[in-house]
Each structure stands twice: as structure tokens, then as C-alpha cells.
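Participant: Data file work-v9.txt (compact mmCIF, C-alpha atoms and all ligand atoms) is appended below.
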# COMPACT_ATOMS: atom_id res chain seq x y z
CA MET N 30 0.00 0.00 0.00
CA THR N 31 1.36 3.42 -0.97
CA ILE N 32 0.31 6.29 1.25
CA SER N 33 -1.40 9.04 -0.72
CA SER N 34 -3.60 12.02 0.02
CA HIS N 35 -6.64 9.84 -0.79
CA THR N 36 -5.70 6.74 1.19
CA PHE N 37 -8.54 7.38 3.66
CA CYS N 38 -11.41 9.80 3.02
CA VAL N 39 -14.63 10.71 4.82
CA ALA N 40 -17.51 10.99 2.35
CA PRO N 41 -19.48 14.10 1.46
CA MET N 42 -22.82 13.83 3.25
CA MET N 43 -25.59 16.41 3.01
CA ASP N 44 -26.63 17.82 6.34
CA TRP N 45 -23.98 15.69 8.06
CA THR N 46 -20.44 16.68 6.99
CA ASP N 47 -20.84 20.37 7.67
CA ARG N 48 -17.96 22.42 9.06
CA HIS N 49 -18.71 21.44 12.65
CA CYS N 50 -18.68 17.75 11.83
CA ARG N 51 -15.47 18.09 9.83
CA LEU N 52 -13.70 19.87 12.66
CA PHE N 53 -14.78 17.11 15.03
CA HIS N 54 -13.48 14.45 12.62
CA ARG N 55 -10.24 16.38 12.26
CA GLY N 56 -9.77 16.18 16.00
CA LEU N 57 -9.70 12.39 15.60
CA THR N 58 -7.46 12.11 12.53
CA ARG N 59 -4.89 14.53 11.15
CA HIS N 60 -4.54 12.86 7.75
CA ALA N 61 -7.94 11.66 6.51
CA LEU N 62 -9.16 13.72 3.59
CA LEU N 63 -12.50 15.32 4.48
CA TYR N 64 -15.21 16.32 2.02
CA THR N 65 -17.87 19.01 2.37
CA GLU N 66 -21.54 18.40 1.79
CA MET N 67 -22.48 18.95 -1.84
CA VAL N 68 -22.92 22.63 -2.66
CA THR N 69 -24.49 23.48 -6.02
CA ALA N 70 -22.63 25.79 -8.39
CA GLU N 71 -25.80 27.83 -8.62
CA ALA N 72 -25.88 28.38 -4.84
CA ILE N 73 -22.26 29.49 -4.83
CA LEU N 74 -22.84 31.94 -7.67
CA HIS N 75 -26.02 33.44 -6.23
CA GLY N 76 -26.15 32.53 -2.53
CA LYS N 77 -24.43 33.54 0.68
CA ARG N 78 -20.91 32.41 -0.07
CA ALA N 79 -19.36 32.90 3.34
CA GLN N 80 -22.10 30.78 4.87
CA LEU N 81 -21.91 28.08 2.19
CA LEU N 82 -18.14 27.85 1.89
CA GLY N 83 -16.62 29.25 5.07
CA PHE N 84 -14.52 26.76 7.04
CA ASP N 85 -11.82 26.60 9.68
CA PRO N 86 -8.29 26.20 8.23
CA ALA N 87 -7.78 23.54 10.92
CA GLU N 88 -10.05 21.29 8.82
CA HIS N 89 -7.36 20.84 6.15
CA PRO N 90 -6.99 18.67 4.12
CA VAL N 91 -10.53 19.36 2.96
CA ALA N 92 -12.19 19.08 -0.45
CA LEU N 93 -15.25 20.95 -1.70
CA GLN N 94 -17.90 18.92 -3.49
CA LEU N 95 -19.85 20.72 -6.19
CA GLY N 96 -23.13 19.82 -7.86
CA GLY N 97 -24.10 21.04 -11.30
CA SER N 98 -23.85 20.33 -15.02
CA ASP N 99 -23.16 23.72 -16.57
CA PRO N 100 -19.43 23.86 -17.38
CA ALA N 101 -19.16 27.65 -17.14
CA LYS N 102 -21.01 27.83 -13.80
CA LEU N 103 -19.02 24.92 -12.39
CA ALA N 104 -15.80 26.59 -13.52
CA SER N 105 -16.73 29.81 -11.70
CA ALA N 106 -17.80 27.91 -8.60
CA ALA N 107 -14.57 25.88 -8.63
CA ARG N 108 -12.51 29.07 -8.84
CA ILE N 109 -14.41 30.60 -5.93
CA GLY N 110 -13.98 27.39 -3.92
CA ALA N 111 -10.24 27.36 -4.59
CA ASP N 112 -10.04 31.03 -3.54
CA PHE N 113 -11.71 30.07 -0.26
CA GLY N 114 -8.82 27.66 0.28
CA TYR N 115 -10.21 24.21 -0.50
CA GLY N 116 -7.45 21.84 -1.54
CA GLU N 117 -9.51 19.87 -4.07
CA ILE N 118 -12.74 20.40 -5.98
CA ASN N 119 -14.93 17.33 -6.50
CA LEU N 120 -17.84 16.94 -8.90
CA ASN N 121 -20.87 14.94 -7.71
CA VAL N 122 -21.90 12.37 -10.31
CA GLY N 123 -23.46 10.01 -7.81
CA CYS N 124 -26.40 11.57 -6.01
CA PRO N 125 -29.76 10.14 -7.13
CA SER N 126 -32.37 12.43 -5.54
CA ASP N 127 -35.27 13.78 -7.64
CA ARG N 128 -34.41 17.33 -6.74
CA VAL N 129 -30.95 16.75 -8.13
CA GLN N 130 -32.23 15.09 -11.33
CA GLU N 131 -34.46 18.07 -12.12
CA GLY N 132 -31.36 20.21 -12.08
CA ARG N 133 -29.68 17.57 -14.33
CA PHE N 134 -26.81 16.74 -12.07
CA GLY N 135 -25.72 14.03 -9.73
CA ALA N 136 -26.00 10.38 -10.78
CA CYS N 137 -28.05 11.08 -13.93
CA LEU N 138 -24.84 12.51 -15.41
CA MET N 139 -23.43 8.96 -15.55
CA ALA N 140 -25.47 8.76 -18.78
CA GLU N 141 -23.70 11.80 -20.22
CA PRO N 142 -19.94 11.21 -20.01
CA GLU N 143 -19.17 13.87 -22.63
CA LEU N 144 -21.01 16.52 -20.63
CA VAL N 145 -19.19 15.46 -17.45
CA ALA N 146 -15.91 15.68 -19.37
CA ASP N 147 -16.79 19.22 -20.50
CA CYS N 148 -17.60 20.17 -16.89
CA VAL N 149 -14.38 18.70 -15.54
CA ALA N 150 -12.29 20.28 -18.30
CA ALA N 151 -13.82 23.69 -17.54
CA MET N 152 -13.25 23.26 -13.79
CA ARG N 153 -9.65 22.17 -14.37
CA ALA N 154 -8.98 25.15 -16.63
CA ALA N 155 -10.42 27.56 -14.05
CA THR N 156 -8.32 26.53 -11.07
CA SER N 157 -4.94 25.11 -10.19
CA VAL N 158 -6.22 22.83 -7.39
CA PRO N 159 -6.94 19.20 -8.34
CA VAL N 160 -10.39 18.31 -9.64
CA SER N 161 -11.84 14.87 -8.85
CA VAL N 162 -15.07 13.06 -9.67
CA LYS N 163 -17.32 10.99 -7.41
CA CYS N 164 -19.51 8.59 -9.37
CA ARG N 165 -21.39 5.28 -9.30
CA ILE N 166 -20.61 2.08 -11.21
CA GLY N 167 -23.69 2.60 -13.39
CA ILE N 168 -27.28 3.84 -13.55
CA ASP N 169 -30.55 2.24 -14.57
CA ASP N 170 -30.00 0.02 -17.60
CA GLN N 171 -26.64 1.60 -18.38
CA ASP N 172 -24.91 -0.63 -15.93
CA ALA N 173 -22.67 -2.83 -18.06
CA GLU N 174 -18.98 -2.78 -17.25
CA ALA N 175 -18.38 -1.28 -20.73
CA ASP N 176 -20.67 1.69 -19.88
CA PHE N 177 -18.69 2.33 -16.72
CA GLN N 178 -15.35 2.03 -18.55
CA ARG N 179 -16.51 4.43 -21.24
CA PHE N 180 -17.59 6.93 -18.58
CA ILE N 181 -14.21 6.80 -16.84
CA GLU N 182 -12.19 6.86 -20.09
CA THR N 183 -14.13 9.87 -21.38
CA VAL N 184 -13.74 11.87 -18.19
CA ALA N 185 -10.12 10.82 -17.67
CA SER N 186 -9.30 12.10 -21.17
CA THR N 187 -9.67 15.64 -19.74
CA GLY N 188 -6.68 14.99 -17.48
CA CYS N 189 -8.75 14.21 -14.38
CA THR N 190 -6.85 11.51 -12.50
CA THR N 191 -8.87 10.89 -9.31
CA PHE N 192 -12.13 8.97 -9.27
CA ILE N 193 -14.10 8.09 -6.16
CA VAL N 194 -16.45 5.26 -7.01
CA HIS N 195 -19.51 4.32 -4.95
CA ALA N 196 -19.53 0.65 -5.87
CA ARG N 197 -23.24 0.26 -6.58
CA LYS N 198 -25.39 1.46 -9.41
CA ALA N 199 -28.16 4.01 -8.89
CA TRP N 200 -31.77 3.43 -9.90
CA LEU N 201 -33.08 6.86 -10.81
CA ASN N 202 -36.73 5.86 -11.02
CA GLY N 203 -38.46 4.20 -8.13
CA LEU N 204 -35.81 4.21 -5.42
CA SER N 205 -35.34 6.95 -2.86
CA PRO N 206 -31.83 8.29 -2.22
CA LYS N 207 -31.72 6.24 0.98
CA GLU N 208 -32.78 3.07 -0.85
CA ASN N 209 -30.18 3.85 -3.50
CA ARG N 210 -27.54 3.61 -0.79
CA GLU N 211 -28.78 0.18 0.31
CA ILE N 212 -30.68 -1.78 -2.34
CA PRO N 213 -28.50 -1.98 -5.47
CA ARG N 214 -25.88 -4.65 -4.93
CA LEU N 215 -22.31 -3.61 -4.09
CA ASP N 216 -19.80 -4.70 -6.73
CA TYR N 217 -16.30 -4.03 -5.43
CA GLY N 218 -14.82 -6.21 -8.17
CA ARG N 219 -15.76 -3.68 -10.82
CA VAL N 220 -13.84 -0.96 -9.00
CA TYR N 221 -10.81 -3.23 -8.47
CA ARG N 222 -10.81 -4.05 -12.19
CA LEU N 223 -10.87 -0.36 -13.04
CA LYS N 224 -7.68 0.10 -11.02
CA THR N 225 -6.07 -2.87 -12.79
CA ALA N 226 -7.05 -1.48 -16.21
CA ARG N 227 -5.95 2.07 -15.37
CA PRO N 228 -3.11 1.89 -12.83
CA ASP N 229 -2.25 5.50 -13.72
CA LEU N 230 -5.51 6.75 -12.14
CA THR N 231 -6.10 7.26 -8.42
CA ILE N 232 -9.10 5.09 -7.61
CA VAL N 233 -10.93 5.51 -4.30
CA LEU N 234 -13.50 2.88 -3.31
CA ASN N 235 -16.70 3.87 -1.49
CA GLY N 236 -19.77 2.03 -0.28
CA GLY N 237 -20.59 -0.20 2.67
CA ILE N 238 -17.19 -0.04 4.38
CA MET N 239 -17.68 -0.28 8.13
CA ASP N 240 -14.30 -0.74 9.79
CA LEU N 241 -10.56 -0.34 9.33
CA ASP N 242 -9.92 -4.04 8.66
CA GLN N 243 -12.22 -3.80 5.66
CA CYS N 244 -10.34 -0.66 4.59
CA ALA N 245 -7.02 -2.51 4.77
CA GLU N 246 -8.40 -5.29 2.57
CA HIS N 247 -9.69 -2.85 -0.07
CA LEU N 248 -6.40 -0.94 -0.01
CA ARG N 249 -4.70 -4.06 -1.41
CA HIS N 250 -6.68 -3.39 -4.62
CA VAL N 251 -7.25 0.37 -4.86
CA ASP N 252 -5.49 3.60 -3.85
CA GLY N 253 -7.96 4.83 -1.30
CA VAL N 254 -11.13 4.17 0.65
CA MET N 255 -13.97 6.54 1.47
CA LEU N 256 -16.29 5.95 4.42
CA GLY N 257 -19.64 7.65 4.83
CA ARG N 258 -22.13 6.24 7.30
CA GLY N 259 -19.57 4.00 8.99
CA ALA N 260 -17.43 6.99 9.96
CA TYR N 261 -20.35 9.22 10.87
CA HIS N 262 -22.11 6.76 13.16
CA GLU N 263 -18.92 5.34 14.66
CA PRO N 264 -16.56 8.33 14.59
CA TYR N 265 -14.05 6.84 17.00
CA ILE N 266 -12.79 4.49 14.27
CA LEU N 267 -11.15 7.63 12.86
CA ALA N 268 -8.82 7.75 15.87
CA ASP N 269 -6.83 4.78 14.51
CA VAL N 270 -6.59 5.96 10.91
CA ASP N 271 -3.34 7.93 11.23
CA ARG N 272 -1.40 5.08 12.83
CA ARG N 273 -2.89 2.38 10.68
CA PHE N 274 -2.73 4.03 7.25
CA PHE N 275 -0.48 7.09 7.44
CA GLY N 276 2.49 5.82 9.45
CA ALA N 277 1.85 8.07 12.46
CA ALA N 278 3.62 6.99 15.65
CA ASP N 279 1.65 8.86 18.32
CA PRO N 280 -1.10 7.06 20.22
CA ALA N 281 -4.75 7.42 19.24
CA VAL N 282 -6.48 10.42 20.74
CA THR N 283 -8.86 9.54 23.57
CA ARG N 284 -12.57 10.23 23.30
CA ARG N 285 -12.25 12.83 26.05
CA VAL N 286 -9.49 14.74 24.24
CA ALA N 287 -11.40 14.56 20.96
CA LEU N 288 -14.34 16.24 22.70
CA GLU N 289 -12.14 18.78 24.47
CA ARG N 290 -10.72 19.77 21.09
CA MET N 291 -14.22 21.00 20.19
CA PHE N 292 -14.62 23.31 23.20
CA LEU N 293 -12.98 26.41 21.76
CA HIS N 294 -14.93 26.02 18.52
CA ILE N 295 -18.17 25.62 20.48
CA GLU N 296 -17.47 28.72 22.57
CA ARG N 297 -16.73 30.78 19.46
CA GLN N 298 -19.83 29.55 17.64
CA ILE N 299 -22.10 30.27 20.58
CA ALA N 300 -20.56 33.70 21.03
CA ASN N 301 -21.48 34.36 17.39
CA GLY N 302 -25.09 33.29 17.87
CA GLY N 303 -24.64 29.63 16.86
CA ARG N 304 -26.59 26.81 18.52
CA LEU N 305 -24.90 24.15 20.60
CA ASN N 306 -26.90 21.26 19.17
CA ASN N 307 -25.84 22.11 15.60
CA ILE N 308 -22.39 21.03 16.73
CA THR N 309 -23.08 18.36 19.34
CA ARG N 310 -25.44 16.37 17.08
CA HIS N 311 -22.37 15.17 15.19
CA VAL N 312 -20.58 13.78 18.22
CA LEU N 313 -23.36 11.52 19.52
CA GLY N 314 -21.77 8.44 17.94
CA LEU N 315 -18.68 8.93 20.08
C1 LIG N 401 -27.01 11.56 4.90
C2 LIG N 401 -26.23 11.33 3.63
C3 LIG N 401 -26.00 12.38 2.78
C4 LIG N 401 -25.25 12.21 1.61
N1 LIG N 401 -24.95 13.31 0.81
C5 LIG N 401 -24.10 13.16 -0.24
C6 LIG N 401 -23.61 14.29 -0.96
O1 LIG N 401 -23.91 15.45 -0.66
N2 LIG N 401 -22.78 14.05 -2.01
C7 LIG N 401 -22.39 12.78 -2.38
O2 LIG N 401 -21.62 12.62 -3.32
N3 LIG N 401 -22.84 11.71 -1.70
C8 LIG N 401 -23.65 11.87 -0.64
N4 LIG N 401 -24.02 10.77 0.10
C9 LIG N 401 -23.48 9.44 -0.27
C10 LIG N 401 -22.18 9.16 0.45
O3 LIG N 401 -21.18 10.09 0.10
C11 LIG N 401 -21.67 7.75 0.13
O4 LIG N 401 -21.41 7.67 -1.25
C12 LIG N 401 -22.70 6.67 0.47
O5 LIG N 401 -23.27 6.90 1.76
C13 LIG N 401 -22.05 5.28 0.46
O6 LIG N 401 -20.99 5.21 1.38
P1 LIG N 401 -21.18 4.52 2.84
O7 LIG N 401 -21.77 3.16 2.59
O8 LIG N 401 -19.78 4.47 3.39
O9 LIG N 401 -22.10 5.38 3.62
C14 LIG N 401 -24.77 10.93 1.26
C15 LIG N 401 -25.01 9.86 2.13
C16 LIG N 401 -25.72 10.05 3.31
C17 LIG N 401 -25.94 8.88 4.25
Go ahead and render the structure in this file as C-alpha cells.
Facilitator:
Amino acid sequence: MTISSHTFCVAPMMDWTDRHCRLFHRGLTRHALLYTEMVTAEAILHGKRAQLLGFDPAEHPVALQLGGSDPAKLASAARIGADFGYGEINLNVGCPSDRVQEGRFGACLMAEPELVADCVAAMRAATSVPVSVKCRIGIDDQDAEADFQRFIETVASTGCTTFIVHARKAWLNGLSPKENREIPRLDYGRVYRLKTARPDLTIVLNGGIMDLDQCAEHLRHVDGVMLGRGAYHEPYILADVDRRFFGAADPAVTRRVALERMFLHIERQIANGGRLNNITRHVLGL
């Protein structure tokens, strides 16, 4: 296993991986790469930017996930995100919710590799920070291995080298987003084969990973792992990540210290009118 910036990542999760959650996770692991919730390009261009994008530099390394399918808007949003200090900009090609499909982004873009390539090319041209893509292994009836390969080849031809793959297809009609994270079968083999076919790409595996032993097994086949629900519900597994996967020598932080690391942040947020439970809701799994 080679250590890379993507060896261990915490997934983008709407309403969950906000700045408070990320700071809490950072108190448990110095090296895991953290992702924001998805923010649409449209919101960044027209909404309250400081509120949408503001974060604590202590969260680094942290990547911003964007949603959208308009290359020019995504390029502008990527530039703004990079100016805010995010170290990577990620495009969401995996989210299956109806709201997202109406806006023609998320998982439905798996059916339009050329459009995704145009988006990624525009984002790459607009900023010097790396641009990555988070996708599925297929959607609806476009779920053959050849469809997936064509998607990756087309997007990789823009120069994008990092792909995070949620190893199950998405059913856009009939399944809720929650069901789409549980019902379609996981197919890790397809992601492993992608890495074998394209050893030059950085391939991060996501979906259904619950503990660090499972991570270690996947890391024999791919460059990185990304945990969503497993890390959110059981955050203390993050305390072993630095020693296990990044060669750190210091002992794992205790639960008490991880909580104490949040105190200053909590005091500052409350002083600025923030609510305690917006922060503490993320630590309940501790
Ligand atoms: C509450 C919740 C919100 C999510 N929001 C996003 C999102 O904003 N962007 C995204 O790409 N995926 C999102 N996902 C999907 C996760 O990033 C991840 O791909 C999925 O949960 C599978 O990984 P897991 O089995 O480790 O949880 C979300 C998942 C959950 C549970």
C-alpha cells in the first residue's frame, strides 16, 4: 500500500459533513481527507458564499464537493472554492435524488460522459487545485462494465486523474436516495478491475465499508477508501486511521481529548449566535 492524500477519506454527506462535523473528525485524525456536503454551483454563484463555503483552516486537508452540469457555472464555482482555500474540488456524479435530477446533475450525469468531461475540463482550466469526480458504477440500464469504462475513459481524457467510485449502481426511477444507498448490490470487483485497467488513475473505493480491517483489505486493490455512514455513526474508528494508514507513531487520541478539542470552537460559535446542538449532534456516535 502506498500512502497518498486519498488513502482514507470521509464521504461528502448532506446535512452531516458540515464544518462542525469536519472539525470534530479532524480532532480524531490529522490525515484523513474530508469532504464538504455537496454545494451546487448555482448556490455558490447566487447565494451567501461565506455561509456556504466558510470553514476553519484547521479542517485541512478538505475538499469541496460541487453539484451542477453547466461547465461555465461549475468553472466559476470551482474558482471561488479554490479562492476560499479548499485543496480539491470534487464533482458529484453520484447523487440520485429527484431534486438533483431536475437540475440535471448528480448520478443522472453517468449517462452523459461527454457533458461530465466538459464540466471537468472547464473546472480544471479555471483553477490550479486538483479536480476529482465521485460517481457510481452505473445507472438504470446503463450498468454494463463497458458503460462504466466508457464513462471513466471519457472523463479521464480531460486529465482528471482521481475517481471516487460508490460501488453500486443508482436506480433513478423508483428508489429513494436512501434506498439507492442500500438496495443496489455492491460490486467491489468492478472498481478493483478499473484500477487494474488504469493503474495510472487514483481510484478511491466507497460504499458499505464499516471498519478499518475492511479498509485494509480494499487498499490491497485500490489507492484509497472513502467511508460515509460507517465513519459518521462510529466516529471513534477515525482515531486509529493515522497510525494504521499514514504511518503516524503517536497514540490514538482519547474520546475525552477529541471532545475537548471541540470546546474552543463551540465557545466561538455560541458567542457568534450559533446553537450548541448544531455542533453536538455530530458527536453523539462517540
Ligand atoms: C445523509 C447522507 C448524505 C449524503 N450526501 C451526499 C452528498 O452530498 N454528495 C455525495 O456525493 N454523496 C452523498 N451521500 C453518499 C455518500 O457520500 C456515500 O457515497 C454513500 O453513503 C455510500 O458510502 P457509505 O456506505 O460508506 O455510507 C450521502 C449519504 C448520506 C448517508
Participant: Between N:His250, N:Ile299, N:Tyr217, N:Arg179, which has the minimum distance to Asn235 of chain N (counting only C-alpha atoms)?
Facilitator: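 Closest candidate: N:Tyr217.
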Participant: Considering all atoms listed in the file, can you say which of N:Met152, N:Ala260, N:Val145, N:Ile168 comes closest to ligand LIG 401 (chain N)?
Facilitator: N:Ala260
Participant: Go through chain N and flag each residue having an atom no more than 10 Å from ligand LIG 401 (chain N); for those, report the closest pair of atoms plus their distance in Å to one decimal, using all atoms listed in the file, ordered by chain and rising number, as a tab-separated table.
Facilitator:
residue	atom	partner	partner_atom	distance
N:Cys38	CA	N:LIG401	O8	9.9
N:Val39	CA	N:LIG401	O3	8.1
N:Ala40	CA	N:LIG401	O3	4.4
N:Pro41	CA	N:LIG401	O3	4.6
N:Met42	CA	N:LIG401	N1	3.3
N:Met43	CA	N:LIG401	N1	3.9
N:Asp44	CA	N:LIG401	C1	6.4
N:Trp45	CA	N:LIG401	C1	6.0
N:Thr46	CA	N:LIG401	C3	8.2
N:Tyr64	CA	N:LIG401	O3	8.8
N:Thr65	CA	N:LIG401	O1	7.6
N:Glu66	CA	N:LIG401	O1	4.5
N:Met67	CA	N:LIG401	O1	4.0
N:Val68	CA	N:LIG401	O1	7.5
N:Thr69	CA	N:LIG401	O1	9.7
N:Gln94	CA	N:LIG401	N2	7.1
N:Leu95	CA	N:LIG401	N2	8.4
N:Gly96	CA	N:LIG401	N2	8.2
N:Asn119	CA	N:LIG401	O2	8.8
N:Leu120	CA	N:LIG401	O2	8.0
N:Asn121	CA	N:LIG401	O2	5.0
N:Val122	CA	N:LIG401	O2	7.0
N:Gly123	CA	N:LIG401	O2	5.5
N:Cys124	CA	N:LIG401	C7	5.5
N:Pro125	CA	N:LIG401	N3	8.9
N:Ser126	CA	N:LIG401	N1	9.8
N:Gly135	CA	N:LIG401	O2	7.7
N:Ala136	CA	N:LIG401	O2	8.9
N:Val162	CA	N:LIG401	O2	9.1
N:Lys163	CA	N:LIG401	O2	6.2
N:Cys164	CA	N:LIG401	O2	7.6
N:Arg165	CA	N:LIG401	O4	8.4
N:Ile193	CA	N:LIG401	O4	8.8
N:Val194	CA	N:LIG401	O4	8.0
N:His195	CA	N:LIG401	O4	5.3
N:Ala196	CA	N:LIG401	C13	8.2
N:Arg197	CA	N:LIG401	C13	8.7
N:Pro206	CA	N:LIG401	C15	8.2
N:Lys207	CA	N:LIG401	C17	7.1
N:Asn209	CA	N:LIG401	C12	8.9
N:Arg210	CA	N:LIG401	C12	5.9
N:Glu211	CA	N:LIG401	O7	8.0
N:Leu215	CA	N:LIG401	O7	9.5
N:Leu234	CA	N:LIG401	O6	9.1
N:Asn235	CA	N:LIG401	O6	5.3
N:Gly236	CA	N:LIG401	O7	3.7
N:Gly237	CA	N:LIG401	O7	3.6
N:Ile238	CA	N:LIG401	O8	5.3
N:Met239	CA	N:LIG401	O8	7.0
N:Asp240	CA	N:LIG401	O8	9.9
N:Val254	CA	N:LIG401	O8	9.1
N:Met255	CA	N:LIG401	O8	6.5
N:Leu256	CA	N:LIG401	O8	3.9
N:Gly257	CA	N:LIG401	O8	3.5
N:Arg258	CA	N:LIG401	O9	3.8
N:Gly259	CA	N:LIG401	O8	5.6
N:Ala260	CA	N:LIG401	O8	7.4
N:Tyr261	CA	N:LIG401	O9	8.4
N:His262	CA	N:LIG401	O9	9.6
Participant: Have a look at N:Ala61, N:Val233, N:Leu315, N:Leu52 and name the one nearest to Val251 of chain N; count all atoms listed in the file.
Facilitator: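 Distance minimum relative to Val251 of chain N lands on N:Val233.
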Participant: I'd like the interatomic distance between atom CA of Leu248 of chain N and atom CA of Ser34 of chain N, to a tenth of an Å.
Facilitator: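 Separating atom CA of Leu248 of chain N from atom CA of Ser34 of chain N is a distance of 13.3 Å.
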Participant: Tell me, in Å to one decimal, how far atom CA of Leu305 of chain N is from atom CA of Met291 of chain N.
Facilitator: 11.1 Å
Participant: Find the residues near Lys102 of chain N: any atom within 12 Å, counting all atoms listed in the file, skip ones fewer than 4 places away on the same chain, and give them as a VMD selection string.
Facilitator: chain N and resid 69 to 75 95 to 98 106 to 109 147 to 149 151 to 152 155
Participant: Quick one, how far is atom CA of Val282 of chain N from atom CA of Arg304 of chain N?
Facilitator: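 According to the coordinates, atom CA of Val282 of chain N and atom CA of Arg304 of chain N are separated by 26.0 Å.
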Participant: Kindly provide, as a ChimeraX atom specification, the polymer residues lying within 10 Å of (-18.3, 28.9, 10.0), counting only C-alpha atoms and using the coordinates exactly as they appear in the file.
Facilitator: /N:47-49,79-85,294,297-298,301,303
Participant: Neighbours of Ala277 of chain N within 10 Å (only C-alpha atoms; same-chain residues fewer than 5 positions away dropped), as a PyMOL selection string?
Facilitator: chain N and resi 59-60+269-272
Participant: Taking (-23.2, 15.5, 15.2) as a centre in this file's frame and 9 Å as the limit, can you find every polymer residue with an atom that close, using all atoms listed in the file, and give them as a list in words?
Facilitator: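 Result, sorted by chain then residue number: Trp45, Thr46, His49, Cys50, Phe53, Tyr261, Asn306, Asn307, Ile308, Thr309, Arg310, His311, Val312, Leu313 and Gly314 of chain N.
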Participant: Keeping only C-alpha atoms, write the selected residues as a compact mmCIF listing (two decimals), in the frame of the given file.
Facilitator:
# COMPACT_ATOMS: atom_id res chain seq x y z
CA TRP N 45 -23.98 15.69 8.06
CA THR N 46 -20.44 16.68 6.99
CA HIS N 49 -18.71 21.44 12.65
CA CYS N 50 -18.68 17.75 11.83
CA PHE N 53 -14.78 17.11 15.03
CA TYR N 261 -20.35 9.22 10.87
CA ASN N 306 -26.90 21.26 19.17
CA ASN N 307 -25.84 22.11 15.60
CA ILE N 308 -22.39 21.03 16.73
CA THR N 309 -23.08 18.36 19.34
CA ARG N 310 -25.44 16.37 17.08
CA HIS N 311 -22.37 15.17 15.19
CA VAL N 312 -20.58 13.78 18.22
CA LEU N 313 -23.36 11.52 19.52
CA GLY N 314 -21.77 8.44 17.94
Participant: I need the residue nearest Gly188 of chain N from this list: N:Ala173, N:Ala101, N:Ala146, N:Ile166. Use all atoms listed in the file for the distance.
Facilitator: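 Under the stated criterion, the closest residue is N:Ala146.
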Participant: Could you pull the residues within 7 Å of segment 110-114 of chain N, counting all atoms listed in the file, minus those fewer than 5 positions along the same chain, as a PDB file with C-alpha atoms, in the coordinates of the input?
Facilitator:
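The result, written out as out32.pdb:
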ATOM      1  CA  LEU N  93     -15.250  20.950  -1.700  1.00  0.00           C
ATOM      2  CA  THR N 156      -8.320  26.530 -11.070  1.00  0.00           C
ATOM      3  CA  VAL N 158      -6.220  22.830  -7.390  1.00  0.00           C
TER       4      VAL N 158
END
Participant: When you look at Gln171 of chain N with a cut-off of 10 Å (counting all atoms listed in the file), what residues show up, excluding the ones that are within fewer than 5 positions of it in the same chain? I need them as a list in words.
Facilitator: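 Here the qualifying residues turn out to be Met139, Ala140, Ile166, Asp176, Phe177, Lys198 and Ala199 of chain N.
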